[in-house]
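Heads up, upload_9.cif below (mmCIF, C-alpha atoms):
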```cif
data_query
#
loop_
_atom_site.label_atom_id
_atom_site.label_comp_id
_atom_site.auth_asym_id
_atom_site.auth_seq_id
_atom_site.Cartn_x
_atom_site.Cartn_y
_atom_site.Cartn_z
CA MET A 1 -43.48 81.70 -5.71
CA PHE A 2 -43.04 85.18 -4.36
CA LYS A 3 -43.65 87.76 -7.08
CA SER A 4 -40.96 90.18 -5.98
CA GLU A 5 -38.10 87.78 -5.37
CA ILE A 6 -36.73 86.93 -8.79
CA TRP A 7 -33.07 87.27 -9.76
CA VAL A 8 -31.55 87.28 -13.25
CA SER A 9 -29.99 83.94 -14.11
CA ASN A 10 -27.05 85.17 -16.20
CA SER A 11 -25.26 86.01 -12.98
CA PRO A 12 -24.00 83.56 -10.36
CA ALA A 13 -26.31 82.51 -7.54
CA LYS A 14 -26.96 85.53 -5.37
CA ILE A 15 -24.41 86.04 -2.61
CA ASP A 16 -25.43 88.43 0.16
CA LYS A 17 -22.29 90.42 0.90
CA ARG A 18 -23.72 91.53 4.24
CA PHE A 19 -22.90 88.08 5.57
CA PRO A 20 -19.39 87.33 4.26
CA GLY A 21 -18.60 83.66 4.15
CA ARG A 22 -21.87 82.42 5.55
CA TRP A 23 -22.94 80.95 2.22
CA LEU A 24 -19.97 78.58 1.91
CA GLY A 25 -21.46 75.12 1.51
CA LEU A 26 -20.33 71.70 2.65
CA ALA A 27 -19.55 69.00 0.12
CA ALA A 28 -22.26 66.58 1.19
CA ALA A 29 -25.38 66.53 3.31
CA GLY A 30 -23.88 63.90 5.59
CA ILE A 31 -20.99 66.21 6.45
CA ALA A 32 -23.45 69.02 7.10
CA VAL A 33 -25.39 66.92 9.59
CA THR A 34 -22.18 65.86 11.33
CA VAL A 35 -21.10 69.46 11.71
CA LEU A 36 -24.52 70.42 13.04
CA PHE A 37 -24.36 67.77 15.73
CA ALA A 38 -20.93 69.02 16.73
CA THR A 39 -22.16 72.59 17.14
CA SER A 40 -22.64 73.58 20.75
CA LYS A 41 -25.74 75.67 20.02
CA LEU A 42 -27.49 73.01 17.98
CA ASP A 43 -31.21 73.65 17.68
CA PRO A 44 -32.89 70.23 17.27
CA LYS A 45 -35.62 71.93 15.24
CA HIS A 46 -33.10 72.15 12.39
CA LEU A 47 -32.97 68.38 12.00
CA HIS A 48 -36.59 67.27 12.38
CA TRP A 49 -39.55 68.27 10.27
CA PRO A 50 -43.02 66.92 9.48
CA THR A 51 -43.37 64.94 6.28
CA ALA A 52 -46.36 63.39 4.56
CA MET A 53 -47.16 60.36 2.46
CA PRO A 54 -47.29 61.06 -1.29
CA GLY A 55 -50.55 62.80 -2.15
CA LYS A 56 -51.03 64.06 1.40
CA ILE A 57 -50.36 67.51 2.83
CA ALA A 58 -47.92 67.56 5.73
CA PRO A 59 -49.09 68.84 9.12
CA LEU A 60 -47.65 72.07 10.45
CA ALA A 61 -44.55 71.94 12.62
CA MET A 62 -45.86 74.68 14.93
CA SER A 63 -48.51 73.99 17.53
CA GLY A 64 -51.44 76.16 18.49
CA GLY A 65 -52.99 79.06 16.65
CA ASN A 66 -56.25 79.82 14.88
CA PRO A 67 -57.43 76.73 12.95
CA TYR A 68 -58.60 78.88 10.04
CA LEU A 69 -55.17 80.43 9.58
CA ARG A 70 -53.53 77.03 10.04
CA ALA A 71 -55.74 75.60 7.28
CA LEU A 72 -54.85 78.57 5.08
CA MET A 73 -51.14 77.97 5.65
CA ARG A 74 -51.45 74.33 4.61
CA THR A 75 -53.43 75.40 1.55
CA ILE A 76 -50.76 77.92 0.53
CA SER A 77 -48.07 75.27 0.87
CA ALA A 78 -50.12 72.75 -1.13
CA SER A 79 -49.84 75.09 -4.10
CA GLU A 80 -46.41 76.59 -3.47
CA ALA A 81 -44.53 73.54 -2.16
CA ASN A 82 -46.49 70.45 -3.17
CA ASP A 83 -44.05 67.91 -1.76
CA SER A 84 -44.00 65.27 0.96
CA SER A 85 -41.18 67.19 2.71
CA PRO A 86 -42.09 70.84 2.05
CA TYR A 87 -39.91 72.50 4.69
CA THR A 88 -36.70 71.41 2.95
CA LEU A 89 -37.87 72.08 -0.61
CA LEU A 90 -36.05 74.37 -3.01
CA TYR A 91 -37.68 75.79 -6.11
CA GLY A 92 -37.31 73.17 -8.83
CA GLY A 93 -37.72 70.14 -6.59
CA SER A 94 -34.38 69.55 -4.86
CA HIS A 95 -34.01 69.52 -1.08
CA ILE A 96 -31.68 70.94 1.54
CA GLN A 97 -30.64 69.33 4.82
CA ASP A 98 -29.31 72.29 6.80
CA LEU A 99 -32.14 74.53 7.98
CA GLY A 100 -29.95 76.69 10.19
CA GLN A 101 -30.77 79.64 7.94
CA HIS A 102 -32.35 80.37 4.56
CA PRO A 103 -30.27 78.55 1.89
CA ASP A 104 -30.15 81.57 -0.48
CA ARG A 105 -29.58 79.44 -3.60
CA CYS A 106 -30.69 81.06 -6.84
CA VAL A 107 -32.24 78.29 -8.94
CA PRO A 108 -32.91 78.87 -12.67
CA ILE A 109 -36.59 79.14 -13.64
CA GLY A 110 -37.34 76.81 -16.53
CA TRP A 111 -40.90 77.79 -17.45
CA GLY A 112 -43.60 80.41 -17.04
CA PRO A 113 -43.48 84.21 -17.19
CA ASN A 114 -40.14 84.36 -15.36
CA GLN A 115 -38.34 81.78 -17.50
CA GLY A 116 -34.69 82.69 -17.96
CA ARG A 117 -34.35 84.19 -14.51
CA CYS A 118 -33.66 82.51 -11.18
CA THR A 119 -35.21 82.48 -7.74
CA THR A 120 -34.07 81.81 -4.18
CA ALA A 121 -37.53 80.48 -3.20
CA ALA A 122 -37.21 77.84 -0.48
CA GLY A 123 -39.13 76.06 2.23
CA ARG A 124 -42.78 75.32 2.82
CA TYR A 125 -43.88 78.82 1.81
CA GLN A 126 -41.21 79.36 -0.87
CA PHE A 127 -39.68 82.40 0.81
CA ILE A 128 -37.02 84.12 -1.23
CA THR A 129 -34.07 85.34 0.80
CA THR A 130 -34.95 89.02 0.98
CA THR A 131 -38.56 88.44 2.01
CA TRP A 132 -37.53 85.86 4.61
CA LEU A 133 -35.07 88.29 6.21
CA GLU A 134 -37.60 91.10 6.12
CA LYS A 135 -40.42 89.06 7.65
CA ALA A 136 -38.13 87.26 10.11
CA GLU A 137 -37.03 90.65 11.41
CA GLN A 138 -40.67 91.39 12.19
CA TYR A 139 -42.08 88.02 13.22
CA HIS A 140 -39.32 85.50 14.02
CA PRO A 141 -39.36 84.41 17.70
CA SER A 142 -35.64 85.15 18.02
CA SER A 143 -35.76 88.51 16.24
CA SER A 144 -33.53 91.20 17.69
CA GLY A 145 -34.52 93.83 15.16
CA GLU A 146 -31.01 93.69 13.67
CA TRP A 147 -31.39 91.13 10.87
CA ILE A 148 -28.39 92.46 8.98
CA TRP A 149 -26.13 90.74 11.52
CA GLN A 150 -27.77 87.36 11.61
CA GLY A 151 -29.27 84.57 9.53
CA TYR A 152 -32.53 83.62 11.18
CA SER A 153 -33.12 79.91 11.76
CA PHE A 154 -35.11 78.39 8.90
CA ALA A 155 -36.27 75.46 11.02
CA PRO A 156 -39.79 74.22 10.14
CA GLU A 157 -41.41 75.56 13.29
CA TYR A 158 -39.96 79.00 12.59
CA GLN A 159 -41.08 78.95 8.96
CA ASP A 160 -44.59 78.33 10.27
CA GLN A 161 -44.41 80.89 13.05
CA VAL A 162 -43.21 83.66 10.76
CA VAL A 163 -45.94 82.99 8.19
CA TYR A 164 -48.62 82.63 10.86
CA ALA A 165 -47.71 85.96 12.47
CA TRP A 166 -47.57 87.59 9.04
CA LEU A 167 -51.02 86.30 8.06
CA ALA A 168 -52.39 87.38 11.44
CA ASP A 169 -51.12 90.93 10.93
CA SER A 170 -54.33 92.68 9.87
CA GLU A 171 -52.53 96.01 9.61
CA TYR A 172 -50.24 94.61 6.92
CA TRP A 173 -53.01 92.99 4.85
CA GLY A 174 -55.59 95.70 5.46
CA SER A 175 -58.13 93.12 6.66
CA ASP A 176 -58.58 90.41 9.27
CA LEU A 177 -57.84 87.28 7.26
CA SER A 178 -58.98 84.87 9.98
CA GLY A 179 -62.26 86.78 10.29
CA LEU A 180 -62.81 86.62 6.54
CA LEU A 181 -62.13 82.88 6.57
CA GLU A 182 -64.53 82.33 9.46
CA ARG A 183 -67.20 84.08 7.37
CA GLY A 184 -66.48 81.79 4.42
CA GLN A 185 -64.71 84.36 2.25
CA LEU A 186 -61.84 82.14 1.09
CA SER A 187 -61.95 83.48 -2.48
CA ARG A 188 -61.32 87.02 -1.29
CA VAL A 189 -58.46 85.88 0.95
CA LEU A 190 -56.77 83.95 -1.86
CA LYS A 191 -57.17 86.94 -4.17
CA ASP A 192 -55.61 89.23 -1.56
CA LEU A 193 -52.67 86.84 -1.12
CA SER A 194 -52.09 86.20 -4.84
CA GLY A 195 -49.84 89.21 -5.13
CA THR A 196 -47.51 87.54 -2.63
CA TRP A 197 -47.95 83.84 -3.43
CA THR A 198 -48.48 83.91 -7.17
CA SER A 199 -49.95 80.40 -7.55
CA LEU A 200 -53.11 81.13 -5.53
CA GLY A 201 -55.38 81.83 -8.47
CA ASP A 202 -55.14 85.55 -9.15
CA GLY A 203 -51.36 85.59 -9.53
CA ILE A 204 -49.13 85.07 -12.54
CA GLU A 205 -48.09 81.48 -11.88
CA SER A 206 -51.08 79.18 -11.50
CA ASN A 207 -50.24 75.48 -11.50
CA ARG A 208 -51.99 72.11 -11.51
CA ILE A 209 -52.97 72.51 -7.85
CA THR A 210 -54.48 75.99 -8.19
CA PRO A 211 -57.96 74.86 -9.41
CA TYR A 212 -58.36 72.66 -6.33
CA LEU A 213 -57.41 75.16 -3.63
CA SER A 214 -60.96 75.57 -2.32
CA GLU A 215 -61.36 71.82 -1.90
CA ILE A 216 -57.94 71.53 -0.29
CA TYR A 217 -58.74 74.34 2.13
CA GLU A 218 -62.01 72.72 3.20
CA GLN A 219 -60.19 69.45 3.86
CA MET A 220 -57.43 71.19 5.80
CA LEU A 221 -59.96 73.20 7.80
CA ALA A 222 -61.87 70.06 8.78
CA GLU A 223 -58.61 68.52 10.00
CA GLU A 224 -57.52 71.62 11.90
CA LEU A 225 -60.93 72.12 13.54
CA ALA A 226 -60.93 68.47 14.63
CA ILE A 227 -57.47 68.89 16.15
CA ALA A 228 -58.52 72.08 17.94
CA HIS A 229 -61.68 70.42 19.25
CA ALA A 230 -59.73 67.40 20.51
CA LYS A 231 -57.35 69.68 22.44
CA ALA A 232 -60.09 71.85 23.94
CA PRO A 233 -60.55 71.45 27.71
#
```
Translate the structure of the given file into structure tokens.
Amino acid sequence: MFKSEIWVSNSPAKIDKRFPGRWLGLAAAGIAVTVLFATSKLDPKHLHWPTAMPGKIAPLAMSGGNPYLRALMRTISASEANDSSPYTLLYGGSHIQDLGQHPDRCVPIGWGPNQGRCTTAAGRYQFITTTWLEKAEQYHPSSSGEWIWQGYSFAPEYQDQVVYAWLADSEYWGSDLSGLLERGQLSRVLKDLSGTWTSLGDGIESNRITPYLSEIYEQMLAEELAIAHAKAP
């Protein structure tokens, strides 16, 4: 979970007043899908996302990119969103169907250091609303630089693309994460990222997956290198 995106739970789920009315929900997921199909600007990415068999880690929705960063992304999601359908996952285990924008639902936290508060963490990388809008403004493919007027698509491919571009931003992190990974410095990378994703070992919310992150990363890296090799000319 993101360290800086916690909301007190004795207030109603956070409503962002900059987008009046955009948080009004539909009564059922089936109605939501019907409305999406009826929308003239339907993005098919909103309705299709990679899933995995139980115990497996889903592939990324995006194509291309550095295999070391791709393996890191899958490792982050293994700890943050350990689910067969991670792109639709809300904190606490429930799922959403409409990925047209970040769901912005503040879910009560039932355990750990933030128990008694709530979080809007959602998707494969458990973005809270404010961080998603901030990073989407910088890295989303459809960014106009005016995020206050729009809700960026939360489609799986865009979740991946935003995180990939963020991780590749050496100026933000103060180091070249892909270069560190290529030199075998996974522990340093996870430590550097633990202030953002708090389940990565040096954060405040380790979980049952945290002790196995190195093994998971090596498995993901082997898969991603094999994919990259197969696609090489």
### Query
Got a sec: who's within 12 Å of stretch 58-64 of chain A, counting only C-alpha atoms, leaving out chain neighbours fewer than 2 positions off, as a PyMOL selection string?
chain A and resi 45-46+48-56+66-78+81-87+124-125+155-165+220-221+223-225+227-229+231-232
### Query
Counting only C-alpha atoms, what is within 6 Å of stretch 96-105 of chain A, bar same-chain residues fewer than 3 positions away, as a PyMOL selection string?
chain A and resi 13+46+88+120+129+151-155
Those residues you just picked out, can you put them in a file as a tab-separated table (two decimals), keeping the file's coordinate frame with C-alpha atoms?
```
chain	number	residue	atom	x	y	z
A	13	ALA	CA	-26.31	82.51	-7.54
A	46	HIS	CA	-33.10	72.15	12.39
A	88	THR	CA	-36.70	71.41	2.95
A	120	THR	CA	-34.07	81.81	-4.18
A	129	THR	CA	-34.07	85.34	0.80
A	151	GLY	CA	-29.27	84.57	9.53
A	152	TYR	CA	-32.53	83.62	11.18
A	153	SER	CA	-33.12	79.91	11.76
A	154	PHE	CA	-35.11	78.39	8.90
A	155	ALA	CA	-36.27	75.46	11.02
```
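With all atoms listed in the file as the atoms that count, the residue of A:Tyr217, A:Gly179, A:Trp166, A:Gly116 with the shortest distance to A:Tyr139 is A:Trp166.
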### Task
Give me the result of the PyMOL selection byres ((chain A and resi 213) around 10) on this file, residue by residue, as a list in words.
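Expected selection for the PyMOL selection byres ((chain A and resi 213) around 10) here is Leu72, Thr75, Ile76, Ala78, Ser79, Leu186, Ser187, Leu190, Ser199, Leu200, Gly201, Ile209, Thr210, Pro211, Tyr212, Ser214, Glu215, Ile216, Tyr217, Glu218 and Gln219 of chain A.
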### Task
May I have the residues within 10 Å of A:Trp197 as a list in words, using all atoms listed in the file and disregarding those fewer than 4 positions away in the same chain?
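With the cut-off at 10 Å, the set is Met1, Phe2, Lys3, Ser4, Ile76, Ser77, Ser79, Glu80, Tyr125, Gln126, Phe127, Leu190, Lys191, Asp192, Leu193, Gly201, Asp202, Gly203, Ile204, Glu205 and Ser206 of chain A.
Picture a line from atom CA of A:Asn114 to atom CA of A:Tyr172; it runs 26.5 Å.
A straight line drawn from atom CA of A:Thr196 to atom CA of A:Ser175 is 15.2 Å long.
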### For atom CA of A:Cys118 and atom CA of A:Thr130, the interatomic separation in Å (one decimal)
13.9 Å
What are the centre and the three edge lengths of an axis-aligned box that wraps all atoms of stretch 218-233 of chain A in the file, given that 8 Å is added to every side, written as lines of an AutoDock Vina configuration file and rounded to one decimal in Å?
```
center_x = -59.7
center_y = 70.3
center_z = 15.5
size_x = 20.7
size_y = 21.8
size_z = 40.5
```
### Message
Counting all atoms listed in the file, find residues at most 9 Å from (-35.2, 77.5, -7.5) (file frame) and give them as a ChimeraX atom specification.
### Response
/A:90-94,105-109,118-122
Those residues with C-alpha atoms, as an mmCIF file, in the coordinates of the input please?
```
data_model
loop_
_atom_site.group_PDB
_atom_site.id
_atom_site.type_symbol
_atom_site.label_atom_id
_atom_site.label_comp_id
_atom_site.auth_asym_id
_atom_site.auth_seq_id
_atom_site.Cartn_x
_atom_site.Cartn_y
_atom_site.Cartn_z
ATOM 1 C CA LEU A 90 -36.050 74.370 -3.010
ATOM 2 C CA TYR A 91 -37.680 75.790 -6.110
ATOM 3 C CA GLY A 92 -37.310 73.170 -8.830
ATOM 4 C CA GLY A 93 -37.720 70.140 -6.590
ATOM 5 C CA SER A 94 -34.380 69.550 -4.860
ATOM 6 C CA ARG A 105 -29.580 79.440 -3.600
ATOM 7 C CA CYS A 106 -30.690 81.060 -6.840
ATOM 8 C CA VAL A 107 -32.240 78.290 -8.940
ATOM 9 C CA PRO A 108 -32.910 78.870 -12.670
ATOM 10 C CA ILE A 109 -36.590 79.140 -13.640
ATOM 11 C CA CYS A 118 -33.660 82.510 -11.180
ATOM 12 C CA THR A 119 -35.210 82.480 -7.740
ATOM 13 C CA THR A 120 -34.070 81.810 -4.180
ATOM 14 C CA ALA A 121 -37.530 80.480 -3.200
ATOM 15 C CA ALA A 122 -37.210 77.840 -0.480
#
```
## Note on the structure
If you count all atoms listed in the file, the residue of A:Gly110, A:Ala168, A:Gln185, A:His140 closest to A:Gly65 turns out to be A:Ala168
